[in-house]
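K.L.:
Sharing a structure with you now.
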Amino acid sequence: MFKITLPDGSVREVAPGTTPADIAAAIGPGLAKAAMAARVDGEVRDIMRPFDGDAELALITSKDEADALELVRHDYAHILAEAVQSLFPGTQITFGPSTDDGFYYDFAPKDRPFTEDDLPAIEAEMRRIIAADKPLIREVWSREDLIARWRAQGETFKAEWAAELPDGEELTVYRAGKGEDAWLDMCRGPHLASTGKVAADAFKLTRVSGAYWRGDQKNAMLSRIYGTGWLNKKQLDAHLHRLEEAAKRDHRKLGQEMDLFHLQAEAHGSVFWHPNGFVIWRQLEAYMRRAIDAAGYQEVKTPQVMDARQWEASGHWGKYRENMFVIPDEVPNTDDDGPIVSDDADWMALKPMNCPAHVLIFRQGIKSYRDLPMRLYENGCCHRNEPHGALHGLMRVRQFTQDDAHIFCRQDQIVAEVRAFCELADRIYRDFGFAYSIKLALRPEKRFGTEEMWDLAETELRNAVVEAGLATPEYGWEELPGEGAFYAPKLEWHLTDAIGRTWQVGTIQSDRVLPERLDASYVGEDGERHRPIMLHRAIFGSYERFIGILIEHFAGRLPVWLAPTQAVVATIVSDADGYAREVEAKLKAAGIRTDADLRNEKINYKVREHSLAKVPHLLVVGKREAEEGTVAVRTLGREGQRMMTLDEAIAMLTEEATPPDLR
């Protein structure tokens with residue numbers, strides 16, 4: 001008999017061959033119906049898979065949302081693959097994982113790539129398979145039998161993958177249905193008990209794209225079909241609504257409508273900022289400078305290009321070189337095809353981060369323990385060689401500017417410095433109207449430093465958040481094993497935007513590795529040399545990405561203090577042109593970013609145009625307003641208009657145009 005321990009501590013003795021589903025049924029019919037899978041000794045397994053010994057058991061239901069979504073999305077991917085092969089015989093299958101909001105599957109079509117016109121028929125076939133409620137049966141196959149099966153079916157991609165799996169690895173297949181006509185796929189699992197356990201109305205196929213076999217452009221091009229899958233229709237509808245909202249808020253679309261920036265092939269991953277967009281940048285830069293000045297930082301500026309020896313010493317050359325833009329120090333020879341780099345040329349690199357350069361500033365001159373903490377800040381322009389396919393508007397670029405700083409401090413100063421940073425970040429995110437959560441990313445598998453060093457660094461960050469009162473459910477406090485940087489653990493700030501999406505932006509990392517590798521030191525109270533601890537920190541993360549987040553969070557309707565144009569004075573009739581110019585001049589004198597629209601167009605046309613450009617306030621003037629010294633104020637997103645004296649309008653605009661930290 002096997003002893004199965006339940007979460008409440010009770011133990012059930014069961015015979016070999018018993019499954020978690022049997023235990024769920026023994027507890028009660030409600031649980032038997034609700035149970036989707038099982039966590040056996042911490043491992044998620046099929047609910048129909050028999051126990052293989054004594055075990056701890058926890059049953060997974062829809063209340064365990066993260067696990068439940070992973071399961072149903074995996075099942076939707078397999079159902080998608082079966083549907084495609086049913087509709088398009090001869091199509092080869094490859095892989096089909098779950099994703100953050102759904103699933104995809106890669107196919108090698110027999111005749112032609114799939115298109116989005118194929119999706120409705122595939123969805124209908126998926127619903128037929130779900131309605132058939134086919135049992136999903138786990139089987140263990142020998143490598144030879146599995147490869148032979150795939151080759152016999154013409155599944156060359158699956159056969160190739162099966163042949164390359166490590167020796168000794170258990171090869172499992174899931175059979176959908178029974179008998180010779182059952183559909184098979186090679187998969188580790190787990191899966192639900194049958195195809196009917198997923199909701200037929202809680203998924204939608206969304207798009208088709210190309211993908212290379214195993215992600216290598218040298219390999220065959222496949223057709224990838226994406227879908228989104230959920231536990232029920234309510235969740236699906238909410239997700240589709242978010243997607244619709246996200247499309248309306250897309251910063252690339254709004255950036256064009258508001259004339260903020262553009263990107264083009266001549267500078268992949270680098271942004272061309274237009275005057276309107278750079279106003280936003282400058283306002284953020286000024287805001288951040290006021291914040292860091294008040295917090296005791298010193299601003300610096302460091303070189304864009306540094307010798308490879310510096311990056312070798314820091315460790316980036318070995319661990320990050322593939323993401324760096326590398327250039328020869330000299331190009332001594334040329335021919336008709338261009339420069340020839342000699343084998344013994346020295347190498348340089350555009351900096352992908354600012355940290356090593358800040359260490360070099362710290363190392364200039366002798367530092368005493370009395371000089372610490374030293375807080376060095378830089379609006380540092382960096383370059384990272386991101387793949388073309390990964391670039392995405394302002395959110396993922398190759399050239400970006402970080403609001404970057406490094407705090408060099410003593411061991412006894414770390415917790416206080418991290419706590420002060422937590423409080424600074426809290427004020428800044430609240431000024432922009434963001435809620436946020438804090439995560440502690442712990443040591444990764446590949447890392448520098450000793451276990452003792454990592455233990456200490458992780459404890460210091462944890463203690464600082466506790467002292468700041470932020471390690472609570474209200475702030476979404478969570479620890480993330482394995483997600484730290486190779487040289488340091490880090491705290492991460494995840495912002496939640498207006499439609500519920502999260503964005504990881506701010507960070508602070510406690511680093512003992514880089515000061516050691518780059519020989520940074522200070523003279524302690526004992527007269528001996530000591531290593532400082534280096535805290536890497538940012539709040540915006542990068543100006544580019546933060547501006548993209550702001551545009552989407554506010555749907556382009558930026559707070560007045562950030563808006564490129566804060567007010568437009570628009571005339572109804574040409575007789576008011578002179579008064580409009582007077583109003584414009586007085587607004588500009590008050591520091592309001594103002595334009596005048598004196599075109600011979602109807603006022604409704606002007607209202608629509610400036611609304612599309614997301615101008616916060618439109619001050620409409622005609623003959624009557626000119627005579628009375630008033631303006632009719634139309635505010636973006638607000639019905640109707642308000643009549644004000646010019647002085648009242650200036651006072652209102654001045655208040656709204658004042659940055660939150662100066663109010």
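Note on naming: chains are A, B, ... as they come in the structure tokens, residues start from 1 per chain, ligands start from 1 in the order shown.
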For the contact check between region 224-307 of chain A and region 389-392 of chain A, emit one row per residue of region 224-307 of chain A within 9 Å, containing the shortest atom pair and the distance in Å rounded to one decimal, counting only C-alpha atoms, chain then rising number order, as CSV.

P.N.:
residue,atom,partner,partner_atom,distance
A:Arg252,CA,A:His392,CA,8.9
A:His268,CA,A:Leu391,CA,8.2
A:Gly269,CA,A:Leu391,CA,6.2

K.L.:
Output N, CA and C atoms for every residue in the selection just made, as an mmCIF file, in the first residue's frame.

P.N.:
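part-v8.cif, written as the output of this step:
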data_model
loop_
_atom_site.group_PDB
_atom_site.id
_atom_site.type_symbol
_atom_site.label_atom_id
_atom_site.label_comp_id
_atom_site.auth_asym_id
_atom_site.auth_seq_id
_atom_site.Cartn_x
_atom_site.Cartn_y
_atom_site.Cartn_z
ATOM 1 N N ARG A 252 3.012 53.269 -30.697
ATOM 2 C CA ARG A 252 3.505 53.519 -32.058
ATOM 3 C C ARG A 252 2.453 54.257 -32.878
ATOM 4 N N HIS A 268 17.890 50.827 -37.348
ATOM 5 C CA HIS A 268 17.108 49.799 -36.646
ATOM 6 C C HIS A 268 17.262 49.943 -35.132
ATOM 7 N N GLY A 269 16.113 50.071 -34.448
ATOM 8 C CA GLY A 269 16.132 50.076 -32.994
ATOM 9 C C GLY A 269 16.547 51.381 -32.367
#

K.L.:
Looking only at the backbone, which of the residues in region 228-276 of chain A does DSSP tag as strand (DSSP E or B), as a PyMOL selection string?

P.N.:
chain A and resi 228-229+261-262+272-273

K.L.:
Hey, what's within 10 Å of region 605-609 of chain A if we count only C-alpha atoms and toss same-chain stuff fewer than 4 positions away? As a ChimeraX atom specification, please?

P.N.:
/A:257,568,570-572,597-601,613-615,618-620,634,636

K.L.:
For CA of Arg642 (chain A) and CA of Glu655 (chain A), determine how far apart the two atoms are, in Å to one decimal place.

P.N.:
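Here the two named atoms are 16.9 Å from each other.
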
K.L.:
Give me the residues within 7 Å of Arg545 (chain A) as a list in words, counting only C-alpha atoms and dropping any in the same chain fewer than 4 places off.

P.N.:
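Selected residues are Leu394, Met395 and Ile549 of chain A.
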
K.L.:
From a DSSP pass on the backbone, collect the residues of region 209-243 of chain A flagged as alpha helix (DSSP H) and hand them back as number ranges by chain.

P.N.:
A: 233-243

K.L.:
Take the residues that were just selected and, keeping N, CA and C atoms, output them as a compact mmCIF listing (two decimals), in the first residue's frame.

P.N.:
# COMPACT_ATOMS: atom_id res chain seq x y z
N LYS A 233 -15.32 31.74 -20.56
CA LYS A 233 -15.59 32.78 -21.55
C LYS A 233 -15.46 34.19 -20.96
N LYS A 234 -15.79 34.33 -19.70
CA LYS A 234 -15.67 35.65 -19.06
C LYS A 234 -14.22 36.13 -19.09
N GLN A 235 -13.28 35.23 -18.77
CA GLN A 235 -11.87 35.59 -18.83
C GLN A 235 -11.44 35.91 -20.26
N LEU A 236 -11.91 35.12 -21.22
CA LEU A 236 -11.56 35.38 -22.63
C LEU A 236 -12.07 36.75 -23.06
N ASP A 237 -13.32 37.06 -22.74
CA ASP A 237 -13.89 38.34 -23.14
C ASP A 237 -13.12 39.50 -22.52
N ALA A 238 -12.73 39.35 -21.26
CA ALA A 238 -11.96 40.41 -20.60
C ALA A 238 -10.61 40.59 -21.28
N HIS A 239 -9.98 39.47 -21.67
CA HIS A 239 -8.68 39.55 -22.36
C HIS A 239 -8.83 40.21 -23.73
N LEU A 240 -9.86 39.84 -24.48
CA LEU A 240 -10.06 40.43 -25.81
C LEU A 240 -10.35 41.93 -25.69
N HIS A 241 -11.05 42.31 -24.61
CA HIS A 241 -11.28 43.74 -24.38
C HIS A 241 -9.97 44.46 -24.10
N ARG A 242 -9.09 43.81 -23.31
CA ARG A 242 -7.78 44.42 -23.03
C ARG A 242 -6.97 44.57 -24.32
N LEU A 243 -7.05 43.55 -25.19
CA LEU A 243 -6.33 43.64 -26.46
C LEU A 243 -6.86 44.78 -27.31

K.L.:
Near Ile122 (chain A), counting only C-alpha atoms, which residues have an atom at most 8 Å away, once you skip same-chain residues fewer than 4 positions from it, shown as JSON, numbers by chain?

P.N.:
{"A": [80, 83, 84, 87, 118, 126]}

K.L.:
Save out the residues we just selected, C-alpha atoms, as a PDB file, in the first residue's frame.

P.N.:
ATOM      1  CA  LEU A  80      -4.986  23.023 -32.287  1.00  0.00           C
ATOM      2  CA  ALA A  83      -7.373  20.113 -35.706  1.00  0.00           C
ATOM      3  CA  VAL A  84      -4.803  21.326 -38.235  1.00  0.00           C
ATOM      4  CA  LEU A  87      -8.130  19.642 -41.882  1.00  0.00           C
ATOM      5  CA  ASP A 118      -7.709  29.469 -42.280  1.00  0.00           C
ATOM      6  CA  MET A 126     -11.034  22.483 -32.392  1.00  0.00           C
TER       7      MET A 126
END
